[in-house]
file input.cif (mmCIF, C-alpha atoms and all ligand atoms)
data_my_file
#
loop_
_atom_site.group_PDB
_atom_site.id
_atom_site.type_symbol
_atom_site.label_atom_id
_atom_site.label_comp_id
_atom_site.auth_asym_id
_atom_site.auth_seq_id
_atom_site.Cartn_x
_atom_site.Cartn_y
_atom_site.Cartn_z
ATOM 1 C CA MET A 194 -15.211 -20.351 26.238
ATOM 2 C CA HIS A 195 -17.243 -21.259 23.173
ATOM 3 C CA ASN A 196 -19.567 -18.324 23.722
ATOM 4 C CA GLN A 197 -16.629 -16.030 24.136
ATOM 5 C CA LEU A 198 -15.193 -17.283 20.852
ATOM 6 C CA ALA A 199 -18.509 -16.892 19.088
ATOM 7 C CA MET A 200 -18.858 -13.339 20.386
ATOM 8 C CA ASN A 201 -15.426 -12.451 19.066
ATOM 9 C CA ASP A 202 -15.927 -14.121 15.685
ATOM 10 C CA PRO A 203 -15.741 -11.521 12.954
ATOM 11 C CA VAL A 204 -18.769 -11.034 10.723
ATOM 12 C CA PRO A 205 -18.208 -13.118 7.566
ATOM 13 C CA VAL A 206 -17.242 -10.905 4.636
ATOM 14 C CA ILE A 207 -16.802 -11.766 0.948
ATOM 15 C CA THR A 208 -15.070 -9.049 -1.046
ATOM 16 C CA LEU A 209 -15.737 -8.749 -4.786
ATOM 17 C CA ASP A 210 -13.400 -6.324 -6.491
ATOM 18 C CA GLY A 211 -12.784 -5.598 -10.145
ATOM 19 C CA PRO A 212 -13.249 -3.079 -12.921
ATOM 20 C CA GLY A 213 -16.605 -1.738 -14.108
ATOM 21 C CA GLY A 214 -18.621 -4.226 -16.152
ATOM 22 C CA SER A 215 -16.862 -7.265 -14.678
ATOM 23 C CA GLY A 216 -20.218 -8.422 -13.269
ATOM 24 C CA LYS A 217 -19.602 -7.618 -9.579
ATOM 25 C CA GLY A 218 -22.870 -5.781 -9.000
ATOM 26 C CA THR A 219 -25.131 -8.445 -10.472
ATOM 27 C CA VAL A 220 -23.156 -11.255 -8.846
ATOM 28 C CA CYS A 221 -23.363 -9.502 -5.456
ATOM 29 C CA LEU A 222 -27.132 -9.060 -5.694
ATOM 30 C CA LEU A 223 -27.698 -12.711 -6.619
ATOM 31 C CA LEU A 224 -25.325 -13.978 -3.927
ATOM 32 C CA ALA A 225 -26.908 -11.733 -1.295
ATOM 33 C CA GLU A 226 -30.302 -13.153 -2.170
ATOM 34 C CA LYS A 227 -29.048 -16.737 -1.876
ATOM 35 C CA LEU A 228 -26.975 -16.261 1.290
ATOM 36 C CA ARG A 229 -29.389 -13.704 2.791
ATOM 37 C CA TRP A 230 -26.434 -11.435 3.572
ATOM 38 C CA HIS A 231 -26.095 -7.655 3.362
ATOM 39 C CA ILE A 232 -24.553 -5.779 0.435
ATOM 40 C CA LEU A 233 -22.130 -2.885 0.329
ATOM 41 C CA ASP A 234 -22.133 -1.214 -3.101
ATOM 42 C CA SER A 235 -19.100 0.950 -2.326
ATOM 43 C CA GLY A 236 -19.131 2.565 -5.793
ATOM 44 C CA SER A 237 -22.482 4.112 -4.885
ATOM 45 C CA LEU A 238 -20.803 6.034 -2.017
ATOM 46 C CA TYR A 239 -18.331 7.605 -4.456
ATOM 47 C CA ARG A 240 -21.183 8.272 -6.881
ATOM 48 C CA LEU A 241 -23.261 9.897 -4.097
ATOM 49 C CA THR A 242 -20.345 12.120 -3.088
ATOM 50 C CA ALA A 243 -19.941 13.046 -6.774
ATOM 51 C CA LEU A 244 -23.654 13.782 -7.235
ATOM 52 C CA GLU A 245 -23.888 15.984 -4.140
ATOM 53 C CA SER A 246 -20.723 17.863 -5.170
ATOM 54 C CA MET A 247 -22.201 18.422 -8.652
ATOM 55 C CA GLN A 248 -25.487 19.621 -7.179
ATOM 56 C CA LYS A 249 -23.635 22.038 -4.887
ATOM 57 C CA ASN A 250 -21.105 22.955 -7.574
ATOM 58 C CA VAL A 251 -18.214 22.095 -5.283
ATOM 59 C CA SER A 252 -14.794 20.891 -6.387
ATOM 60 C CA ASP A 253 -12.516 22.087 -3.596
ATOM 61 C CA GLU A 254 -10.893 19.115 -1.817
ATOM 62 C CA ALA A 255 -11.842 20.152 1.729
ATOM 63 C CA GLN A 256 -15.477 20.626 0.714
ATOM 64 C CA LEU A 257 -15.527 17.257 -1.068
ATOM 65 C CA ILE A 258 -14.231 15.604 2.114
ATOM 66 C CA GLU A 259 -16.911 17.397 4.114
ATOM 67 C CA ILE A 260 -19.590 16.039 1.760
ATOM 68 C CA ALA A 261 -18.178 12.509 2.058
ATOM 69 C CA ASN A 262 -18.232 12.828 5.850
ATOM 70 C CA ASN A 263 -21.664 14.359 6.257
ATOM 71 C CA MET A 264 -23.927 13.368 3.365
ATOM 72 C CA ASP A 265 -27.258 11.936 4.471
ATOM 73 C CA ILE A 266 -27.707 8.594 2.720
ATOM 74 C CA ASP A 267 -30.025 5.651 3.053
ATOM 75 C CA TYR A 268 -30.505 2.358 1.232
ATOM 76 C CA ARG A 269 -33.930 0.695 1.020
ATOM 77 C CA PRO A 270 -34.721 -2.733 -0.434
ATOM 78 C CA ASP A 271 -36.777 -2.271 -3.607
ATOM 79 C CA GLY A 272 -37.620 -5.611 -5.227
ATOM 80 C CA ALA A 273 -34.410 -7.182 -6.522
ATOM 81 C CA ARG A 274 -32.355 -4.003 -6.123
ATOM 82 C CA LEU A 275 -31.605 -1.307 -3.563
ATOM 83 C CA LYS A 276 -33.192 2.118 -3.670
ATOM 84 C CA VAL A 277 -30.609 4.834 -2.890
ATOM 85 C CA LEU A 278 -31.698 8.016 -1.073
ATOM 86 C CA LEU A 279 -29.643 11.207 -0.737
ATOM 87 C CA SER A 280 -31.102 13.701 1.750
ATOM 88 C CA GLY A 281 -34.396 11.835 1.388
ATOM 89 C CA GLN A 282 -34.449 12.089 -2.445
ATOM 90 C CA ASP A 283 -34.516 8.941 -4.587
ATOM 91 C CA VAL A 284 -31.277 9.145 -6.621
ATOM 92 C CA THR A 285 -31.090 5.455 -7.627
ATOM 93 C CA ASP A 286 -31.018 6.282 -11.353
ATOM 94 C CA ALA A 287 -29.355 9.700 -11.094
ATOM 95 C CA ILE A 288 -26.142 8.253 -9.612
ATOM 96 C CA ARG A 289 -25.831 5.809 -12.569
ATOM 97 C CA ALA A 290 -25.516 8.579 -15.171
ATOM 98 C CA GLU A 291 -22.132 8.557 -16.937
ATOM 99 C CA PRO A 292 -21.057 12.092 -15.881
ATOM 100 C CA VAL A 293 -21.628 11.091 -12.239
ATOM 101 C CA GLY A 294 -19.538 7.927 -12.763
ATOM 102 C CA SER A 295 -16.699 9.959 -14.276
ATOM 103 C CA LYS A 296 -16.829 12.496 -11.463
ATOM 104 C CA ALA A 297 -16.893 9.635 -8.940
ATOM 105 C CA SER A 298 -13.739 8.155 -10.452
ATOM 106 C CA GLU A 299 -12.086 11.591 -10.337
ATOM 107 C CA ILE A 300 -12.836 12.274 -6.678
ATOM 108 C CA ALA A 301 -12.088 8.663 -5.719
ATOM 109 C CA ALA A 302 -8.421 9.508 -6.330
ATOM 110 C CA ILE A 303 -8.476 11.929 -3.345
ATOM 111 C CA ALA A 304 -7.066 10.162 -0.268
ATOM 112 C CA GLY A 305 -9.108 12.343 2.151
ATOM 113 C CA VAL A 306 -12.373 11.380 0.431
ATOM 114 C CA ARG A 307 -11.453 7.682 0.632
ATOM 115 C CA GLN A 308 -10.565 8.065 4.313
ATOM 116 C CA ALA A 309 -13.899 9.821 4.998
ATOM 117 C CA LEU A 310 -15.804 6.917 3.423
ATOM 118 C CA LEU A 311 -13.802 4.180 5.184
ATOM 119 C CA GLU A 312 -15.756 3.887 8.438
ATOM 120 C CA ARG A 313 -19.093 4.223 6.632
ATOM 121 C CA GLN A 314 -18.096 1.210 4.556
ATOM 122 C CA ARG A 315 -16.882 -0.872 7.504
ATOM 123 C CA ALA A 316 -20.175 -0.239 9.313
ATOM 124 C CA PHE A 317 -21.929 -2.383 6.670
ATOM 125 C CA ALA A 318 -20.295 -5.519 8.086
ATOM 126 C CA VAL A 319 -23.115 -6.806 10.261
ATOM 127 C CA SER A 320 -24.448 -10.294 10.927
ATOM 128 C CA PRO A 321 -25.181 -12.639 9.216
ATOM 129 C CA GLY A 322 -22.593 -11.488 6.633
ATOM 130 C CA LEU A 323 -21.571 -8.978 3.997
ATOM 131 C CA LEU A 324 -20.896 -9.001 0.266
ATOM 132 C CA ALA A 325 -18.655 -6.018 -0.402
ATOM 133 C CA ASP A 326 -18.520 -4.789 -4.006
ATOM 134 C CA GLY A 327 -15.812 -2.334 -5.093
ATOM 135 C CA ARG A 328 -12.232 -1.700 -6.109
ATOM 136 C CA ASP A 329 -10.380 -1.857 -2.782
ATOM 137 C CA MET A 330 -12.627 -4.052 -0.650
ATOM 138 C CA GLY A 331 -10.046 -6.831 -0.282
ATOM 139 C CA THR A 332 -6.979 -4.583 -0.164
ATOM 140 C CA VAL A 333 -8.028 -1.689 2.108
ATOM 141 C CA VAL A 334 -11.560 -1.771 3.524
ATOM 142 C CA PHE A 335 -11.778 -5.441 4.575
ATOM 143 C CA PRO A 336 -8.189 -6.727 4.443
ATOM 144 C CA HIS A 337 -9.088 -9.574 6.826
ATOM 145 C CA ALA A 338 -12.058 -10.866 4.792
ATOM 146 C CA ALA A 339 -12.010 -14.662 4.695
ATOM 147 C CA LEU A 340 -12.957 -14.845 1.001
ATOM 148 C CA LYS A 341 -11.721 -12.365 -1.599
ATOM 149 C CA ILE A 342 -12.694 -12.527 -5.245
ATOM 150 C CA PHE A 343 -11.290 -10.389 -8.060
ATOM 151 C CA LEU A 344 -13.465 -10.405 -11.185
ATOM 152 C CA THR A 345 -12.157 -9.376 -14.576
ATOM 153 C CA ALA A 346 -13.370 -9.546 -18.172
ATOM 154 C CA ARG A 347 -12.032 -8.207 -21.467
ATOM 155 C CA PRO A 348 -12.887 -4.493 -21.979
ATOM 156 C CA GLU A 349 -14.971 -5.208 -25.145
ATOM 157 C CA GLU A 350 -17.078 -7.726 -23.215
ATOM 158 C CA ARG A 351 -17.509 -5.357 -20.255
ATOM 159 C CA ALA A 352 -18.551 -2.544 -22.607
ATOM 160 C CA LYS A 353 -21.080 -4.881 -24.286
ATOM 161 C CA ARG A 354 -22.605 -5.695 -20.884
ATOM 162 C CA ARG A 355 -22.838 -1.985 -19.994
ATOM 163 C CA TYR A 356 -24.374 -1.295 -23.433
ATOM 164 C CA LYS A 357 -27.021 -3.965 -22.870
ATOM 165 C CA GLN A 358 -27.829 -2.631 -19.365
ATOM 166 C CA LEU A 359 -28.207 0.926 -20.672
ATOM 167 C CA LYS A 360 -30.383 -0.177 -23.629
ATOM 168 C CA GLU A 361 -32.602 -2.152 -21.251
ATOM 169 C CA LYS A 362 -33.122 1.067 -19.290
ATOM 170 C CA GLY A 363 -34.025 2.888 -22.523
ATOM 171 C CA ILE A 364 -30.789 4.937 -22.401
ATOM 172 C CA ASP A 365 -29.068 5.576 -25.730
ATOM 173 C CA ALA A 366 -25.476 4.321 -25.882
ATOM 174 C CA ASN A 367 -22.621 3.974 -28.317
ATOM 175 C CA LEU A 368 -20.449 0.849 -28.029
ATOM 176 C CA PRO A 369 -17.058 2.238 -29.179
ATOM 177 C CA GLU A 370 -17.559 5.228 -26.854
ATOM 178 C CA LEU A 371 -18.351 2.889 -23.966
ATOM 179 C CA VAL A 372 -15.163 0.862 -24.620
ATOM 180 C CA ALA A 373 -13.130 4.110 -24.592
ATOM 181 C CA GLU A 374 -14.827 5.340 -21.391
ATOM 182 C CA LEU A 375 -14.291 2.035 -19.593
ATOM 183 C CA GLU A 376 -10.630 1.932 -20.584
ATOM 184 C CA ALA A 377 -10.115 5.538 -19.418
ATOM 185 C CA ARG A 378 -11.835 4.773 -16.099
ATOM 186 C CA ASP A 379 -9.793 1.546 -15.624
ATOM 187 C CA LYS A 380 -6.598 3.455 -16.287
ATOM 188 C CA ARG A 381 -7.464 6.179 -13.782
ATOM 189 C CA ASP A 382 -8.610 3.653 -11.145
ATOM 190 C CA SER A 383 -5.519 1.449 -11.583
ATOM 191 C CA GLU A 384 -2.901 4.175 -11.721
ATOM 192 C CA ARG A 385 -4.003 6.394 -8.810
ATOM 193 C CA SER A 386 -1.792 6.276 -5.733
ATOM 194 C CA ALA A 387 -4.666 6.085 -3.195
ATOM 195 C CA ALA A 388 -6.026 2.515 -3.073
ATOM 196 C CA PRO A 389 -5.603 1.673 -6.757
ATOM 197 C CA LEU A 390 -7.722 -1.006 -8.380
ATOM 198 C CA LYS A 391 -5.744 -4.216 -7.885
ATOM 199 C CA ALA A 392 -6.320 -7.724 -6.671
ATOM 200 C CA ALA A 393 -5.357 -8.498 -3.075
ATOM 201 C CA ASP A 394 -2.485 -10.995 -2.877
ATOM 202 C CA ASP A 395 -4.873 -13.549 -1.368
ATOM 203 C CA ALA A 396 -7.762 -12.944 -3.819
ATOM 204 C CA VAL A 397 -9.121 -15.612 -6.163
ATOM 205 C CA LEU A 398 -9.017 -14.287 -9.746
ATOM 206 C CA LEU A 399 -12.013 -15.047 -11.959
ATOM 207 C CA ASP A 400 -12.049 -14.037 -15.618
ATOM 208 C CA THR A 401 -15.749 -13.835 -16.465
ATOM 209 C CA THR A 402 -15.354 -13.018 -20.204
ATOM 210 C CA GLU A 403 -16.612 -16.452 -21.263
ATOM 211 C CA MET A 404 -18.760 -17.150 -18.192
ATOM 212 C CA SER A 405 -22.488 -16.669 -17.650
ATOM 213 C CA ILE A 406 -23.627 -14.825 -14.521
ATOM 214 C CA ASP A 407 -25.026 -18.116 -13.148
ATOM 215 C CA GLU A 408 -21.667 -19.829 -13.599
ATOM 216 C CA VAL A 409 -19.914 -17.027 -11.706
ATOM 217 C CA VAL A 410 -22.501 -17.064 -8.902
ATOM 218 C CA ASN A 411 -22.285 -20.853 -8.544
ATOM 219 C CA GLN A 412 -18.516 -20.812 -8.457
ATOM 220 C CA VAL A 413 -18.379 -18.119 -5.741
ATOM 221 C CA LEU A 414 -21.130 -19.909 -3.827
ATOM 222 C CA ARG A 415 -19.084 -23.129 -3.790
ATOM 223 C CA MET A 416 -16.128 -21.189 -2.399
ATOM 224 C CA ALA A 417 -18.373 -19.493 0.186
ATOM 225 C CA ASN A 418 -19.801 -22.827 1.320
ATOM 226 C CA GLN A 419 -16.285 -24.182 1.743
ATOM 227 C CA CYS A 420 -15.017 -21.098 3.503
ATOM 228 C CA PHE A 421 -17.927 -20.364 5.860
ATOM 229 C CA GLY A 422 -19.450 -23.816 6.254
ATOM 230 C CA THR A 423 -22.707 -22.629 4.651
ATOM 231 C CA SER A 424 -24.611 -25.081 2.450
ATOM 232 C CA VAL A 425 -26.457 -22.781 0.085
ATOM 233 C CA VAL A 426 -27.087 -23.942 -3.519
HETATM 234 O O1 LIG B 1 -18.424 0.658 -9.287
HETATM 235 P P1 LIG B 1 -18.863 2.009 -9.768
HETATM 236 O O2 LIG B 1 -18.767 2.184 -11.266
HETATM 237 O O3 LIG B 1 -20.200 2.397 -9.243
HETATM 238 O O4 LIG B 1 -17.820 3.026 -9.112
HETATM 239 C C1 LIG B 1 -17.721 4.363 -9.537
HETATM 240 C C2 LIG B 1 -16.296 4.857 -9.314
HETATM 241 O O5 LIG B 1 -16.034 4.919 -7.902
HETATM 242 C C3 LIG B 1 -15.210 3.935 -9.874
HETATM 243 O O6 LIG B 1 -14.856 4.257 -11.207
HETATM 244 C C4 LIG B 1 -14.051 4.160 -8.940
HETATM 245 O O7 LIG B 1 -13.264 5.241 -9.362
HETATM 246 C C5 LIG B 1 -14.690 4.562 -7.632
HETATM 247 N N1 LIG B 1 -14.647 3.490 -6.648
HETATM 248 C C6 LIG B 1 -13.504 3.364 -5.893
HETATM 249 N N2 LIG B 1 -13.443 2.435 -4.902
HETATM 250 C C7 LIG B 1 -14.462 1.604 -4.685
HETATM 251 C C8 LIG B 1 -15.630 1.686 -5.475
HETATM 252 C C9 LIG B 1 -15.683 2.637 -6.462
HETATM 253 O O8 LIG B 1 -12.538 4.106 -6.089
HETATM 254 N N3 LIG B 1 -14.371 0.727 -3.691
#

call {"tool": "encode", "arguments": {"input": "input.cif", "output": "structure tokens"}}
result
Amino acid sequence: MHNQLAMNDPVPVITLDGPGGSGKGTVCLLLAEKLRWHILDSGSLYRLTALESMQKNVSDEAQLIEIANNMDIDYRPDGARLKVLLSGQDVTDAIRAEPVGSKASEIAAIAGVRQALLERQRAFAVSPGLLADGRDMGTVVFPHAALKIFLTARPEERAKRRYKQLKEKGIDANLPELVAELEARDKRDSERSAAPLKAADDAVLLDTTEMSIDEVVNQVLRMANQCFGTSVV
């Protein structure tokens, strides 16, 4: 009976949703390292669909859905981060460019594209556990996740974090423009009818404006230990 139960136990999943710059990505990477769990960076799937559509100069809905269904993607561990391959090409940096992010947010409003990416996302839930980073992880993709976190931060703070990340990569950036871009993206993500950005009813809300990354990681880790019986510090 015990074995049967164990076999039917779902893979533990922690969902981390929230707007861009709320710290989800960094928090996910650090938590994955500590828990030794897998990561789903769901935004990268929308960015990959956007990049391939830009490369192929495609904007017709049916063709976008076909790309989402058939694109050849792979993730490889690369030090502290994940290398992202599209048809064998390293596109780790290319998918982070702002025009790709904007295009991703545009095509993410198409229900058929979201549906095409759904099973790909669910396939990431494998033992020993998954940290799922996105906008609709707790509401749509993993509605039965045992621990759901929704991270927020004030737009000015999120823009400052993005600015710092871009500067560190040697990319020129303008702070007021970043604030405007983030607010436009938030608006589009929150107001779309297909899986809008919103906290699941059973999500824990964490405002990270005044918190350091370590404080956020430690707080989620305490919740994970309580929820999954892990004892990671
Ligand atoms: O998180 P990231 O900035 O990489 O996501 C890029 C875009 O992909 C977001 O602005 C959002 O429109 C879309 N997205 C989404 N659902 C997710 C993850 C990302 O709609 N689960």

call {"tool": "atom_distance", "arguments": {"input": "input.cif", "atom1": "CA of Glu312 (chain A)", "atom2": "CA of Lys391 (chain A)"}}
result
20.8 Å

call {"tool": "resolve_selection", "arguments": {"input": "input.cif", "expression": "the PyMOL selection byres (((chain A and resi 269-273) around 12) and not hetatm)", "output": "list in words"}}
result
Gly218, Thr219, Cys221, Leu222, Leu223, Leu224, Ala225, Glu226, Lys227, His231, Ile232, Ile266, Asp267, Tyr268, Arg274, Leu275, Lys276, Val277, Leu278, Leu279, Gly281, Gln282, Asp283, Val284 and Thr285 of chain A

call {"tool": "closest_residue", "arguments": {"input": "input.cif", "among": "A:Glu350, A:Glu403, A:Glu374, A:Glu299", "to": "ligand LIG 1 (chain B)", "atoms": "only C-alpha atoms and all ligand atoms"}}
result
A:Glu299

call {"tool": "closest_residue", "arguments": {"input": "input.cif", "among": "A:Leu257, A:Leu310, A:Leu323, A:Leu340", "to": "Met416 (chain A)", "atoms": "only C-alpha atoms"}}
result
A:Leu340

call {"tool": "closest_atom_pairs", "arguments": {"input": "input.cif", "of": "chain A", "to": "ligand LIG 1 (chain B)", "cutoff": "8 Å", "atoms": "only C-alpha atoms and all ligand atoms", "output": "Markdown table"}}
result
| residue | atom | partner | partner_atom | distance |
| --- | --- | --- | --- | --- |
| A:Asp210 | CA | B:LIG1 | N3 | 7.6 |
| A:Pro212 | CA | B:LIG1 | O1 | 7.3 |
| A:Gly213 | CA | B:LIG1 | O2 | 5.3 |
| A:Gly218 | CA | B:LIG1 | O1 | 7.8 |
| A:Asp234 | CA | B:LIG1 | O3 | 7.4 |
| A:Ser235 | CA | B:LIG1 | C8 | 4.7 |
| A:Gly236 | CA | B:LIG1 | C9 | 3.5 |
| A:Ser237 | CA | B:LIG1 | O3 | 5.2 |
| A:Leu238 | CA | B:LIG1 | C9 | 7.6 |
| A:Tyr239 | CA | B:LIG1 | O5 | 4.9 |
| A:Arg240 | CA | B:LIG1 | C1 | 5.9 |
| A:Arg289 | CA | B:LIG1 | O3 | 7.4 |
| A:Gly294 | CA | B:LIG1 | C1 | 5.1 |
| A:Ser295 | CA | B:LIG1 | O6 | 6.7 |
| A:Lys296 | CA | B:LIG1 | C2 | 8.0 |
| A:Ala297 | CA | B:LIG1 | C2 | 4.8 |
| A:Ser298 | CA | B:LIG1 | O7 | 3.1 |
| A:Glu299 | CA | B:LIG1 | O7 | 6.5 |
| A:Ile300 | CA | B:LIG1 | O7 | 7.5 |
| A:Ala301 | CA | B:LIG1 | O8 | 4.6 |
| A:Ala302 | CA | B:LIG1 | O8 | 6.8 |
| A:Arg307 | CA | B:LIG1 | O8 | 7.7 |
| A:Asp326 | CA | B:LIG1 | N3 | 6.9 |
| A:Gly327 | CA | B:LIG1 | N3 | 3.7 |
| A:Arg328 | CA | B:LIG1 | N3 | 4.0 |
| A:Asp329 | CA | B:LIG1 | N3 | 4.8 |
| A:Met330 | CA | B:LIG1 | N3 | 5.9 |
| A:Arg378 | CA | B:LIG1 | O6 | 5.8 |
| A:Asp379 | CA | B:LIG1 | O6 | 7.2 |
| A:Arg381 | CA | B:LIG1 | O7 | 7.4 |
| A:Asp382 | CA | B:LIG1 | O7 | 5.2 |
| A:Ala388 | CA | B:LIG1 | O8 | 7.4 |
| A:Pro389 | CA | B:LIG1 | O8 | 7.4 |
| A:Leu390 | CA | B:LIG1 | O8 | 7.4 |

call {"tool": "decode", "arguments": {"input": "input.cif", "residues": "region 359-367 of chain A", "atoms": "all heavy atoms", "output": "CSV table (one decimal), in the first residue's frame"}}
result
chain,number,residue,atom,x,y,z
A,359,LEU,N,21.3,44.6,-17.0
A,359,LEU,CA,21.7,44.9,-18.3
A,359,LEU,C,23.1,45.5,-18.3
A,359,LEU,O,23.9,45.2,-19.1
A,359,LEU,CB,20.7,45.9,-19.0
A,359,LEU,CG,19.3,45.3,-19.3
A,359,LEU,CD1,18.3,46.3,-19.7
A,359,LEU,CD2,19.4,44.2,-20.4
A,360,LYS,N,23.3,46.5,-17.3
A,360,LYS,CA,24.6,47.1,-17.2
A,360,LYS,C,25.7,46.1,-17.0
A,360,LYS,O,26.8,46.2,-17.6
A,360,LYS,CB,24.6,48.2,-16.1
A,360,LYS,CG,23.9,49.4,-16.5
A,360,LYS,CD,24.7,50.3,-17.3
A,360,LYS,CE,23.9,51.5,-17.9
A,360,LYS,NZ,24.6,52.3,-18.8
A,361,GLU,N,25.4,45.1,-16.1
A,361,GLU,CA,26.4,44.1,-15.8
A,361,GLU,C,26.8,43.3,-17.1
A,361,GLU,O,27.8,42.8,-17.2
A,361,GLU,CB,25.8,43.1,-14.7
A,361,GLU,CG,26.0,43.7,-13.3
A,361,GLU,CD,25.2,43.0,-12.3
A,361,GLU,OE1,24.6,41.9,-12.6
A,361,GLU,OE2,25.2,43.5,-11.1
A,362,LYS,N,25.8,43.2,-18.0
A,362,LYS,CA,26.1,42.5,-19.2
A,362,LYS,C,26.7,43.4,-20.3
A,362,LYS,O,26.8,43.0,-21.4
A,362,LYS,CB,24.8,41.9,-19.8
A,362,LYS,CG,24.3,40.7,-19.1
A,362,LYS,CD,23.1,40.1,-19.8
A,362,LYS,CE,22.3,39.1,-19.0
A,362,LYS,NZ,21.0,38.9,-19.5
A,363,GLY,N,26.9,44.7,-19.9
A,363,GLY,CA,27.5,45.6,-20.9
A,363,GLY,C,26.5,46.1,-21.9
A,363,GLY,O,26.9,46.7,-22.9
A,364,ILE,N,25.2,46.0,-21.5
A,364,ILE,CA,24.2,46.5,-22.5
A,364,ILE,C,23.7,47.8,-22.0
A,364,ILE,O,23.4,48.0,-20.8
A,364,ILE,CB,23.0,45.5,-22.5
A,364,ILE,CG1,23.4,44.1,-23.0
A,364,ILE,CG2,21.8,46.0,-23.4
A,364,ILE,CD1,22.4,43.0,-22.9
A,365,ASP,N,23.6,48.8,-22.9
A,365,ASP,CA,23.2,50.2,-22.5
A,365,ASP,C,21.7,50.2,-22.2
A,365,ASP,O,21.0,49.5,-22.9
A,365,ASP,CB,23.5,51.1,-23.7
A,365,ASP,CG,23.9,52.5,-23.2
A,365,ASP,OD1,24.3,52.6,-22.1
A,365,ASP,OD2,23.7,53.4,-24.0
A,366,ALA,N,21.4,50.9,-21.2
A,366,ALA,CA,19.9,51.0,-20.8
A,366,ALA,C,19.6,52.3,-20.3
A,366,ALA,O,20.5,53.1,-19.8
A,366,ALA,CB,19.7,49.9,-19.8
A,367,ASN,N,18.3,52.7,-20.3
A,367,ASN,CA,17.8,53.9,-19.9
A,367,ASN,C,16.7,53.7,-18.8
A,367,ASN,O,15.7,53.0,-19.2
A,367,ASN,CB,17.3,54.7,-21.1
A,367,ASN,CG,16.6,56.0,-20.8
A,367,ASN,OD1,15.6,55.9,-20.0
A,367,ASN,ND2,16.9,57.0,-21.4
